[in-house]
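S.K.: Data: structure-v4.cif, mmCIF, C-alpha atoms.
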```cif
data_work
loop_
_atom_site.group_PDB
_atom_site.id
_atom_site.type_symbol
_atom_site.label_atom_id
_atom_site.label_comp_id
_atom_site.auth_asym_id
_atom_site.auth_seq_id
_atom_site.Cartn_x
_atom_site.Cartn_y
_atom_site.Cartn_z
ATOM 1 C CA MET A 312 47.919 44.277 3.938
ATOM 2 C CA ILE A 313 44.501 43.854 5.494
ATOM 3 C CA ARG A 314 43.006 46.001 2.745
ATOM 4 C CA SER A 315 44.662 43.812 0.070
ATOM 5 C CA TRP A 316 43.295 40.651 1.718
ATOM 6 C CA LEU A 317 39.795 42.113 1.921
ATOM 7 C CA THR A 318 39.983 43.065 -1.773
ATOM 8 C CA ARG A 319 41.014 39.538 -2.776
ATOM 9 C CA TYR A 320 38.343 38.007 -0.509
ATOM 10 C CA GLY A 321 35.644 40.268 -1.936
ATOM 11 C CA ARG A 322 36.678 39.384 -5.489
ATOM 12 C CA ARG A 323 36.517 35.624 -4.722
ATOM 13 C CA ARG A 324 33.148 36.035 -3.056
ATOM 14 C CA ARG A 325 31.771 37.800 -6.123
ATOM 15 C CA LEU A 326 33.118 34.998 -8.368
ATOM 16 C CA VAL A 327 31.519 32.329 -6.159
ATOM 17 C CA ALA A 328 28.227 34.218 -6.136
ATOM 18 C CA ALA A 329 28.315 34.579 -9.932
ATOM 19 C CA ALA A 330 29.042 30.841 -10.318
ATOM 20 C CA LEU A 331 26.179 29.935 -7.979
ATOM 21 C CA ALA A 332 23.832 32.247 -9.898
ATOM 22 C CA ALA A 333 24.854 30.598 -13.186
ATOM 23 C CA VAL A 334 24.206 27.141 -11.715
ATOM 24 C CA SER A 335 20.778 28.283 -10.503
ATOM 25 C CA VAL A 336 19.870 29.633 -13.946
ATOM 26 C CA LEU A 337 21.006 26.397 -15.617
ATOM 27 C CA ALA A 338 19.034 24.272 -13.139
ATOM 28 C CA ALA A 339 15.907 26.364 -13.719
ATOM 29 C CA PHE A 340 16.316 26.000 -17.491
ATOM 30 C CA LEU A 341 16.691 22.228 -17.274
ATOM 31 C CA ALA A 342 13.652 21.958 -15.003
ATOM 32 C CA THR A 343 11.372 24.025 -17.212
ATOM 33 C CA ARG A 344 12.474 23.063 -20.726
ATOM 34 C CA PRO A 345 10.027 20.848 -22.666
ATOM 35 C CA ALA A 346 10.695 17.143 -22.317
ATOM 36 C CA ALA A 347 11.868 15.288 -25.376
ATOM 37 C CA SER A 348 8.906 13.926 -27.296
ATOM 38 C CA ALA A 349 8.162 10.326 -26.273
ATOM 39 C CA PRO A 350 6.679 7.754 -28.679
ATOM 40 C CA THR A 351 2.888 7.931 -28.725
ATOM 41 C CA VAL A 352 0.776 4.763 -28.675
ATOM 42 C CA LEU A 353 -2.935 4.063 -28.293
ATOM 43 C CA VAL A 354 -4.257 2.984 -24.894
ATOM 44 C CA ALA A 355 -7.744 1.863 -23.900
ATOM 45 C CA SER A 356 -9.924 4.635 -22.466
ATOM 46 C CA ARG A 357 -12.076 2.086 -20.594
ATOM 47 C CA ASP A 358 -12.303 -1.646 -19.979
ATOM 48 C CA LEU A 359 -13.035 -3.276 -23.339
ATOM 49 C CA ALA A 360 -14.561 -6.614 -24.259
ATOM 50 C CA ALA A 361 -13.418 -8.577 -27.280
ATOM 51 C CA GLY A 362 -15.223 -7.497 -30.431
ATOM 52 C CA PRO A 363 -15.220 -4.866 -33.170
ATOM 53 C CA LEU A 364 -12.632 -2.150 -32.593
ATOM 54 C CA ASP A 365 -13.949 1.395 -32.106
ATOM 55 C CA PRO A 366 -11.320 4.162 -32.461
ATOM 56 C CA ALA A 367 -13.305 6.244 -29.952
ATOM 57 C CA ASP A 368 -12.411 3.713 -27.230
ATOM 58 C CA PHE A 369 -8.708 4.660 -27.396
ATOM 59 C CA HIS A 370 -6.609 7.747 -26.799
ATOM 60 C CA PRO A 371 -2.919 8.506 -27.498
ATOM 61 C CA ALA A 372 -0.414 8.332 -24.666
ATOM 62 C CA ALA A 373 3.360 8.699 -24.475
ATOM 63 C CA LEU A 374 5.156 5.527 -23.346
ATOM 64 C CA VAL A 375 8.919 5.060 -22.969
ATOM 65 C CA PRO A 376 9.790 2.571 -24.195
ATOM 66 C CA PRO A 377 6.722 1.698 -26.284
ATOM 67 C CA PRO A 378 5.686 -1.984 -26.179
ATOM 68 C CA ALA A 379 6.628 -4.200 -29.107
ATOM 69 C CA GLY A 380 3.991 -4.121 -31.828
ATOM 70 C CA ALA A 381 2.302 -1.015 -30.402
ATOM 71 C CA VAL A 382 -0.531 0.370 -32.522
ATOM 72 C CA ARG A 383 -0.134 4.123 -33.051
ATOM 73 C CA ALA A 384 -3.278 4.859 -35.078
ATOM 74 C CA ILE A 385 -6.565 3.222 -36.089
ATOM 75 C CA SER A 386 -8.162 4.088 -39.392
ATOM 76 C CA PRO A 387 -11.937 4.652 -38.994
ATOM 77 C CA SER A 388 -12.450 2.777 -42.258
ATOM 78 C CA SER A 389 -10.556 -0.345 -41.155
ATOM 79 C CA ALA A 390 -12.692 -3.171 -39.785
ATOM 80 C CA GLN A 391 -10.443 -4.425 -36.997
ATOM 81 C CA THR A 392 -11.533 -6.841 -34.275
ATOM 82 C CA LEU A 393 -10.204 -7.018 -30.733
ATOM 83 C CA ALA A 394 -9.447 -10.688 -30.078
ATOM 84 C CA THR A 395 -9.238 -10.486 -26.273
ATOM 85 C CA PRO A 396 -10.509 -8.123 -23.552
ATOM 86 C CA MET A 397 -8.431 -5.096 -22.521
ATOM 87 C CA ARG A 398 -8.137 -3.151 -19.284
ATOM 88 C CA ARG A 399 -8.423 0.632 -19.080
ATOM 89 C CA GLY A 400 -5.016 2.231 -19.694
ATOM 90 C CA GLU A 401 -3.585 -0.845 -21.416
ATOM 91 C CA PRO A 402 -1.647 -0.146 -24.642
ATOM 92 C CA LEU A 403 -3.021 -1.642 -27.852
ATOM 93 C CA THR A 404 -0.630 -3.973 -29.682
ATOM 94 C CA ASP A 405 -0.959 -5.980 -32.861
ATOM 95 C CA ALA A 406 -1.162 -9.186 -30.782
ATOM 96 C CA ARG A 407 -4.565 -8.014 -29.494
ATOM 97 C CA LEU A 408 -6.041 -7.843 -33.001
ATOM 98 C CA LEU A 409 -7.816 -10.838 -34.467
ATOM 99 C CA SER A 410 -5.914 -10.479 -37.744
ATOM 100 C CA SER A 411 -2.678 -11.403 -35.929
ATOM 101 C CA TYR A 412 -4.141 -13.285 -32.944
ATOM 102 C CA ARG A 413 -2.421 -16.585 -32.207
ATOM 103 C CA LEU A 414 -4.614 -19.358 -30.863
ATOM 104 C CA PRO A 415 -3.293 -21.277 -27.868
ATOM 105 C CA PRO A 416 -1.548 -24.555 -28.735
ATOM 106 C CA GLY A 417 -4.003 -27.329 -29.559
ATOM 107 C CA LEU A 418 -6.796 -25.022 -30.751
ATOM 108 C CA VAL A 419 -7.944 -24.344 -34.305
ATOM 109 C CA ALA A 420 -10.350 -21.863 -35.898
ATOM 110 C CA THR A 421 -13.528 -23.766 -36.780
ATOM 111 C CA PRO A 422 -16.322 -22.319 -38.978
ATOM 112 C CA VAL A 423 -19.792 -23.355 -37.772
ATOM 113 C CA ARG A 424 -23.282 -22.541 -39.057
ATOM 114 C CA ILE A 425 -25.903 -21.859 -36.405
ATOM 115 C CA SER A 426 -29.440 -22.812 -37.435
ATOM 116 C CA ASP A 427 -31.140 -19.802 -35.839
ATOM 117 C CA PRO A 428 -29.834 -16.471 -37.222
ATOM 118 C CA ALA A 429 -31.601 -14.578 -34.430
ATOM 119 C CA ALA A 430 -29.626 -16.521 -31.825
ATOM 120 C CA ALA A 431 -26.388 -15.940 -33.730
ATOM 121 C CA ALA A 432 -27.169 -12.208 -33.790
ATOM 122 C CA LEU A 433 -26.772 -12.197 -29.989
ATOM 123 C CA LEU A 434 -23.109 -13.147 -30.319
ATOM 124 C CA SER A 435 -20.010 -11.025 -30.739
ATOM 125 C CA PRO A 436 -16.315 -11.895 -30.959
ATOM 126 C CA GLY A 437 -15.211 -12.994 -27.517
ATOM 127 C CA SER A 438 -18.556 -14.563 -26.567
ATOM 128 C CA THR A 439 -18.339 -17.962 -24.872
ATOM 129 C CA ILE A 440 -20.885 -20.510 -26.082
ATOM 130 C CA THR A 441 -21.734 -24.197 -25.981
ATOM 131 C CA LEU A 442 -23.130 -25.859 -29.101
ATOM 132 C CA LEU A 443 -26.034 -28.303 -28.942
ATOM 133 C CA ALA A 444 -26.617 -30.837 -31.730
ATOM 134 C CA SER A 445 -30.144 -32.130 -32.244
ATOM 135 C CA TYR A 446 -30.113 -35.236 -34.444
ATOM 136 C CA ALA A 447 -33.780 -36.198 -34.289
ATOM 137 C CA GLU A 448 -37.074 -34.668 -33.159
ATOM 138 C CA GLY A 449 -37.966 -35.666 -29.627
ATOM 139 C CA VAL A 450 -34.410 -36.741 -28.808
ATOM 140 C CA PRO A 451 -32.498 -34.564 -26.331
ATOM 141 C CA ALA A 452 -29.782 -32.496 -27.974
ATOM 142 C CA ARG A 453 -26.179 -33.511 -27.367
ATOM 143 C CA GLN A 454 -23.667 -31.001 -26.043
ATOM 144 C CA ILE A 455 -20.678 -30.356 -28.312
ATOM 145 C CA ALA A 456 -17.674 -28.060 -27.827
ATOM 146 C CA PRO A 457 -18.593 -26.610 -24.415
ATOM 147 C CA ASP A 458 -17.275 -23.150 -23.459
ATOM 148 C CA SER A 459 -15.948 -22.320 -26.923
ATOM 149 C CA GLN A 460 -14.885 -18.768 -27.717
ATOM 150 C CA VAL A 461 -16.288 -16.947 -30.722
ATOM 151 C CA LEU A 462 -13.337 -15.634 -32.733
ATOM 152 C CA THR A 463 -15.227 -13.740 -35.412
ATOM 153 C CA ILE A 464 -18.572 -13.525 -37.184
ATOM 154 C CA PRO A 465 -18.031 -13.129 -40.936
ATOM 155 C CA LYS A 466 -20.355 -10.741 -42.706
ATOM 156 C CA ALA A 467 -22.950 -12.407 -44.899
ATOM 157 C CA ALA A 468 -22.320 -12.186 -48.627
ATOM 158 C CA SER A 469 -25.777 -10.635 -49.090
ATOM 159 C CA SER A 470 -28.342 -8.891 -46.929
ATOM 160 C CA SER A 471 -30.574 -11.965 -46.914
ATOM 161 C CA SER A 472 -29.894 -14.675 -44.334
ATOM 162 C CA SER A 473 -28.635 -18.027 -45.527
ATOM 163 C CA PRO A 474 -31.257 -20.793 -45.328
ATOM 164 C CA GLU A 475 -28.561 -22.915 -43.709
ATOM 165 C CA GLY A 476 -28.079 -20.474 -40.838
ATOM 166 C CA SER A 477 -25.492 -17.921 -39.732
ATOM 167 C CA LEU A 478 -21.760 -18.540 -39.933
ATOM 168 C CA ILE A 479 -19.502 -18.023 -36.917
ATOM 169 C CA VAL A 480 -15.888 -19.009 -36.269
ATOM 170 C CA LEU A 481 -14.986 -20.709 -32.990
ATOM 171 C CA ALA A 482 -11.765 -21.667 -31.225
ATOM 172 C CA THR A 483 -12.011 -25.442 -30.710
ATOM 173 C CA THR A 484 -9.796 -28.477 -30.349
ATOM 174 C CA ILE A 485 -9.201 -30.630 -33.415
ATOM 175 C CA THR A 486 -11.432 -33.327 -31.922
ATOM 176 C CA GLN A 487 -14.250 -30.845 -31.383
ATOM 177 C CA ALA A 488 -13.802 -29.550 -34.936
ATOM 178 C CA ALA A 489 -14.312 -33.103 -36.253
ATOM 179 C CA GLU A 490 -17.433 -33.560 -34.100
ATOM 180 C CA LEU A 491 -18.819 -30.243 -35.324
ATOM 181 C CA ALA A 492 -18.224 -31.193 -38.959
ATOM 182 C CA THR A 493 -20.270 -34.376 -38.430
ATOM 183 C CA ALA A 494 -22.972 -32.520 -36.516
ATOM 184 C CA GLN A 495 -23.333 -29.875 -39.231
ATOM 185 C CA ALA A 496 -23.919 -32.596 -41.803
ATOM 186 C CA HIS A 497 -26.477 -34.569 -39.807
ATOM 187 C CA ALA A 498 -27.942 -32.374 -37.057
ATOM 188 C CA ARG A 499 -29.462 -29.000 -36.283
ATOM 189 C CA LEU A 500 -27.102 -26.809 -34.241
ATOM 190 C CA SER A 501 -28.215 -24.404 -31.539
ATOM 191 C CA ILE A 502 -26.298 -22.585 -28.819
ATOM 192 C CA THR A 503 -26.286 -21.575 -25.198
ATOM 193 C CA ILE A 504 -24.447 -18.376 -24.253
ATOM 194 C CA LYS A 505 -22.311 -18.086 -21.132
ATOM 195 C CA PRO A 506 -22.813 -14.724 -19.383
ATOM 196 C CA ASN A 507 -19.826 -12.416 -19.236
ATOM 197 C CA PRO A 508 -18.278 -12.310 -15.745
ATOM 198 C CA GLY A 509 -19.479 -9.509 -13.523
#
```
Reformat the file's structure so that it appears as structure tokens.

M.R.:
Amino acid sequence: MIRSWLTRYGRRRRLVAAALAAVSVLAAFLATRPAASAPTVLVASRDLAAGPLDPADFHPAALVPPPAGAVRAISPSSAQTLATPMRRGEPLTDARLLSSYRLPPGLVATPVRISDPAAAALLSPGSTITLLASYAEGVPARQIAPDSQVLTIPKAASSSSSPEGSLIVLATTITQAAELATAQAHARLSITIKPNPG
């Protein structure tokens, strides 16, 4: 009887050991198998200022779930513009691009010609400027549209500069846009540039 019990006990022990070994193998397989491929999006490789988009400033990263409107690739031939600054590691979405950028309520995109092309050449999308309107020689210039953001700088139609100055597009209020329209017709416009924060 004791021999029969020992036989049954040994058989059960071997079954338990085999089951434990199978569980161990399955656990090892689950731990080492490749993870399911996650959606890949572009993230900033460094802190970026607003301005022309450079594909070299981004790298692909897997994000689950990907953010709405995530950009997965940038064509080197596409002239895209980043409308707002980005932090390192932040995913790029269509809302960050100027082509789909929504101005805050109450602001409009206002084209303005700057008299000095050399001064305008110092600007880039995202720059913050104040416009000065000079109506007469010897009269102090009047400040218009302080702390306005440059949205974009359209490319000139030809290589030669316009005699009327360089065109930029600013985010302004409707009231400021009306003041700028009057100033462009009757005054010479210059700018001051606000330094980027630290």

S.K.: Any idea what the distance is between atom CA of Gln495 of chain A and atom CA of Ala360 of chain A?

M.R.: 29.0 Å

S.K.: Calculated over only C-alpha atoms, which of the candidates A:Ile440, A:Val480, A:Ala420, A:Leu462 has the smallest distance to Lys505 of chain A?

M.R.: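 Using only C-alpha atoms, Lys505 of chain A sits closest to A:Ile440.
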
S.K.: Smallest atom-to-atom distance to Asp358 of chain A: which of A:Thr404, A:Thr483, A:Thr395, A:Thr463, using only C-alpha atoms?

M.R.: A:Thr395

S.K.: I'd like the residues picked by the PyMOL selection byres ((chain A and resi 359) around 9) written out as a PyMOL selection string, using the chain letters and numbers from the file.

M.R.: chain A and resi 355-358+360-362+368+393+395-399

S.K.: Using all atoms listed in the file, pick whichever of A:Ser445, A:Ser477, A:Gln391, A:Thr493 has the shortest atom-to-atom distance to Arg424 of chain A.

M.R.: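 Closest candidate: A:Ser477.
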
S.K.: Within 6 Å of Thr392 of chain A, counting all atoms listed in the file, which residues show up once you throw out same-chain ones fewer than 4 positions away? Write them as a ChimeraX atom specification, please.

M.R.: /A:362-364,408-409

S.K.: Spell out the residues picked by the PyMOL selection byres ((chain A and resi 369-379) around 7) here, as number ranges by chain.

M.R.: A: 349-356, 366-368, 380-381

S.K.: Go ahead and write the selection's residues with C-alpha atoms as a short mmCIF file (atom, residue, chain, number, x, y, z; two decimals), in the frame of the given file.

M.R.:
```cif
data_model
loop_
_atom_site.label_atom_id
_atom_site.label_comp_id
_atom_site.auth_asym_id
_atom_site.auth_seq_id
_atom_site.Cartn_x
_atom_site.Cartn_y
_atom_site.Cartn_z
CA ALA A 349 8.16 10.33 -26.27
CA PRO A 350 6.68 7.75 -28.68
CA THR A 351 2.89 7.93 -28.72
CA VAL A 352 0.78 4.76 -28.68
CA LEU A 353 -2.94 4.06 -28.29
CA VAL A 354 -4.26 2.98 -24.89
CA ALA A 355 -7.74 1.86 -23.90
CA SER A 356 -9.92 4.64 -22.47
CA PRO A 366 -11.32 4.16 -32.46
CA ALA A 367 -13.30 6.24 -29.95
CA ASP A 368 -12.41 3.71 -27.23
CA GLY A 380 3.99 -4.12 -31.83
CA ALA A 381 2.30 -1.01 -30.40
#
```

S.K.: Do you have the atom CA of Ile425 of chain A-atom CA of Arg413 of chain A distance handy?

M.R.: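 Going from atom CA of Ile425 of chain A over to atom CA of Arg413 of chain A, I get 24.4 Å.
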
S.K.: Once the PyMOL selection byres ((chain A and resi 459) around 9) has been evaluated on this model, what residues remain selected, and can you format them as a list in words?

M.R.: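 Applied to this file, the PyMOL selection byres ((chain A and resi 459) around 9) returns Ser438, Thr439, Ile440, Thr441, Leu442, Ala456, Pro457, Asp458, Gln460, Val461, Leu481, Ala482 and Thr483 of chain A.
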
S.K.: Go through A:Ala384, A:Gly400, A:Ser435, A:Pro422 and flag the residue nearest Ile504 of chain A, using all atoms listed in the file for the distances.

M.R.: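 Answer, going by the shortest atom-to-atom distance: A:Ser435.
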
S.K.: Please compute the atom CA of Leu403 of chain A-atom CA of Pro387 of chain A distance, one decimal, in Å.

M.R.: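 Computing the Euclidean distance for atom CA of Leu403 of chain A and atom CA of Pro387 of chain A yields 15.6 Å.
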
S.K.: If the box runs along x, y and z of the file and leaves 4 Å on each side of segment 371-386 of chain A, what are its centre and edge lengths in Å, one decimal, as lines of an AutoDock Vina configuration file?

M.R.:
```
center_x = 0.8
center_y = 2.2
center_z = -31.2
size_x = 26.0
size_y = 20.9
size_z = 24.4
```

S.K.: Output as a JSON list (two decimals), in the coordinates of the input: segment 395-420 of chain A, completed with N, CA, C and O atoms.

M.R.:
```
[["chain", "number", "residue", "atom", "x", "y", "z"],
["A", 395, "THR", "N", -9.15, -10.21, -27.71],
["A", 395, "THR", "CA", -9.24, -10.49, -26.27],
["A", 395, "THR", "C", -9.62, -9.21, -25.53],
["A", 395, "THR", "O", -9.42, -8.11, -26.04],
["A", 396, "PRO", "N", -10.16, -9.33, -24.32],
["A", 396, "PRO", "CA", -10.51, -8.12, -23.55],
["A", 396, "PRO", "C", -9.28, -7.29, -23.21],
["A", 396, "PRO", "O", -8.15, -7.79, -23.19],
["A", 397, "MET", "N", -9.50, -6.00, -22.93],
["A", 397, "MET", "CA", -8.43, -5.10, -22.52],
["A", 397, "MET", "C", -8.86, -4.30, -21.29],
["A", 397, "MET", "O", -10.04, -3.99, -21.14],
["A", 398, "ARG", "N", -7.90, -3.99, -20.45],
["A", 398, "ARG", "CA", -8.14, -3.15, -19.28],
["A", 398, "ARG", "C", -7.92, -1.68, -19.63],
["A", 398, "ARG", "O", -7.14, -1.35, -20.52],
["A", 399, "ARG", "N", -8.60, -0.81, -18.91],
["A", 399, "ARG", "CA", -8.42, 0.63, -19.08],
["A", 399, "ARG", "C", -6.96, 1.01, -18.87],
["A", 399, "ARG", "O", -6.33, 0.59, -17.89],
["A", 400, "GLY", "N", -6.40, 1.80, -19.80],
["A", 400, "GLY", "CA", -5.02, 2.23, -19.69],
["A", 400, "GLY", "C", -4.02, 1.28, -20.32],
["A", 400, "GLY", "O", -2.83, 1.59, -20.38],
["A", 401, "GLU", "N", -4.49, 0.13, -20.81],
["A", 401, "GLU", "CA", -3.58, -0.84, -21.42],
["A", 401, "GLU", "C", -3.27, -0.45, -22.86],
["A", 401, "GLU", "O", -4.16, -0.08, -23.61],
["A", 402, "PRO", "N", -1.98, -0.51, -23.26],
["A", 402, "PRO", "CA", -1.65, -0.15, -24.64],
["A", 402, "PRO", "C", -2.14, -1.20, -25.63],
["A", 402, "PRO", "O", -2.13, -2.40, -25.33],
["A", 403, "LEU", "N", -2.55, -0.74, -26.79],
["A", 403, "LEU", "CA", -3.02, -1.64, -27.85],
["A", 403, "LEU", "C", -1.83, -2.10, -28.68],
["A", 403, "LEU", "O", -1.06, -1.27, -29.17],
["A", 404, "THR", "N", -1.68, -3.41, -28.85],
["A", 404, "THR", "CA", -0.63, -3.97, -29.68],
["A", 404, "THR", "C", -1.25, -4.85, -30.76],
["A", 404, "THR", "O", -2.42, -5.24, -30.66],
["A", 405, "ASP", "N", -0.44, -5.17, -31.77],
["A", 405, "ASP", "CA", -0.96, -5.98, -32.86],
["A", 405, "ASP", "C", -1.38, -7.37, -32.40],
["A", 405, "ASP", "O", -2.25, -8.00, -33.00],
["A", 406, "ALA", "N", -0.81, -7.85, -31.29],
["A", 406, "ALA", "CA", -1.16, -9.19, -30.78],
["A", 406, "ALA", "C", -2.60, -9.23, -30.27],
["A", 406, "ALA", "O", -3.17, -10.32, -30.13],
["A", 407, "ARG", "N", -3.18, -8.06, -29.98],
["A", 407, "ARG", "CA", -4.57, -8.01, -29.49],
["A", 407, "ARG", "C", -5.58, -8.08, -30.63],
["A", 407, "ARG", "O", -6.77, -8.30, -30.39],
["A", 408, "LEU", "N", -5.13, -7.88, -31.87],
["A", 408, "LEU", "CA", -6.04, -7.84, -33.00],
["A", 408, "LEU", "C", -6.26, -9.23, -33.56],
["A", 408, "LEU", "O", -5.33, -10.05, -33.64],
["A", 409, "LEU", "N", -7.48, -9.51, -33.96],
["A", 409, "LEU", "CA", -7.82, -10.84, -34.47],
["A", 409, "LEU", "C", -7.01, -11.21, -35.70],
["A", 409, "LEU", "O", -6.66, -12.36, -35.91],
["A", 410, "SER", "N", -6.66, -10.21, -36.51],
["A", 410, "SER", "CA", -5.91, -10.48, -37.74],
["A", 410, "SER", "C", -4.55, -11.09, -37.46],
["A", 410, "SER", "O", -3.99, -11.80, -38.30],
["A", 411, "SER", "N", -3.99, -10.84, -36.27],
["A", 411, "SER", "CA", -2.68, -11.40, -35.93],
["A", 411, "SER", "C", -2.74, -12.23, -34.64],
["A", 411, "SER", "O", -1.71, -12.57, -34.07],
["A", 412, "TYR", "N", -3.97, -12.55, -34.20],
["A", 412, "TYR", "CA", -4.14, -13.28, -32.94],
["A", 412, "TYR", "C", -3.70, -14.73, -33.10],
["A", 412, "TYR", "O", -4.06, -15.41, -34.07],
["A", 413, "ARG", "N", -2.89, -15.21, -32.18],
["A", 413, "ARG", "CA", -2.42, -16.58, -32.21],
["A", 413, "ARG", "C", -3.23, -17.42, -31.22],
["A", 413, "ARG", "O", -3.27, -17.11, -30.03],
["A", 414, "LEU", "N", -3.86, -18.47, -31.73],
["A", 414, "LEU", "CA", -4.61, -19.36, -30.86],
["A", 414, "LEU", "C", -3.67, -20.13, -29.95],
["A", 414, "LEU", "O", -2.53, -20.43, -30.34],
["A", 415, "PRO", "N", -4.12, -20.45, -28.75],
["A", 415, "PRO", "CA", -3.29, -21.28, -27.87],
["A", 415, "PRO", "C", -2.99, -22.62, -28.52],
["A", 415, "PRO", "O", -3.75, -23.09, -29.37],
["A", 416, "PRO", "N", -1.89, -23.25, -28.16],
["A", 416, "PRO", "CA", -1.55, -24.56, -28.74],
["A", 416, "PRO", "C", -2.69, -25.56, -28.57],
["A", 416, "PRO", "O", -3.31, -25.63, -27.51],
["A", 417, "GLY", "N", -2.96, -26.31, -29.62],
["A", 417, "GLY", "CA", -4.00, -27.33, -29.56],
["A", 417, "GLY", "C", -5.36, -26.86, -30.03],
["A", 417, "GLY", "O", -6.28, -27.67, -30.16],
["A", 418, "LEU", "N", -5.51, -25.54, -30.29],
["A", 418, "LEU", "CA", -6.80, -25.02, -30.75],
["A", 418, "LEU", "C", -6.71, -24.63, -32.23],
["A", 418, "LEU", "O", -5.65, -24.23, -32.72],
["A", 419, "VAL", "N", -7.85, -24.74, -32.90],
["A", 419, "VAL", "CA", -7.94, -24.34, -34.30],
["A", 419, "VAL", "C", -9.17, -23.47, -34.48],
["A", 419, "VAL", "O", -10.08, -23.46, -33.65],
["A", 420, "ALA", "N", -9.19, -22.70, -35.57],
["A", 420, "ALA", "CA", -10.35, -21.86, -35.90],
["A", 420, "ALA", "C", -11.32, -22.72, -36.71],
["A", 420, "ALA", "O", -10.98, -23.23, -37.77]]
```
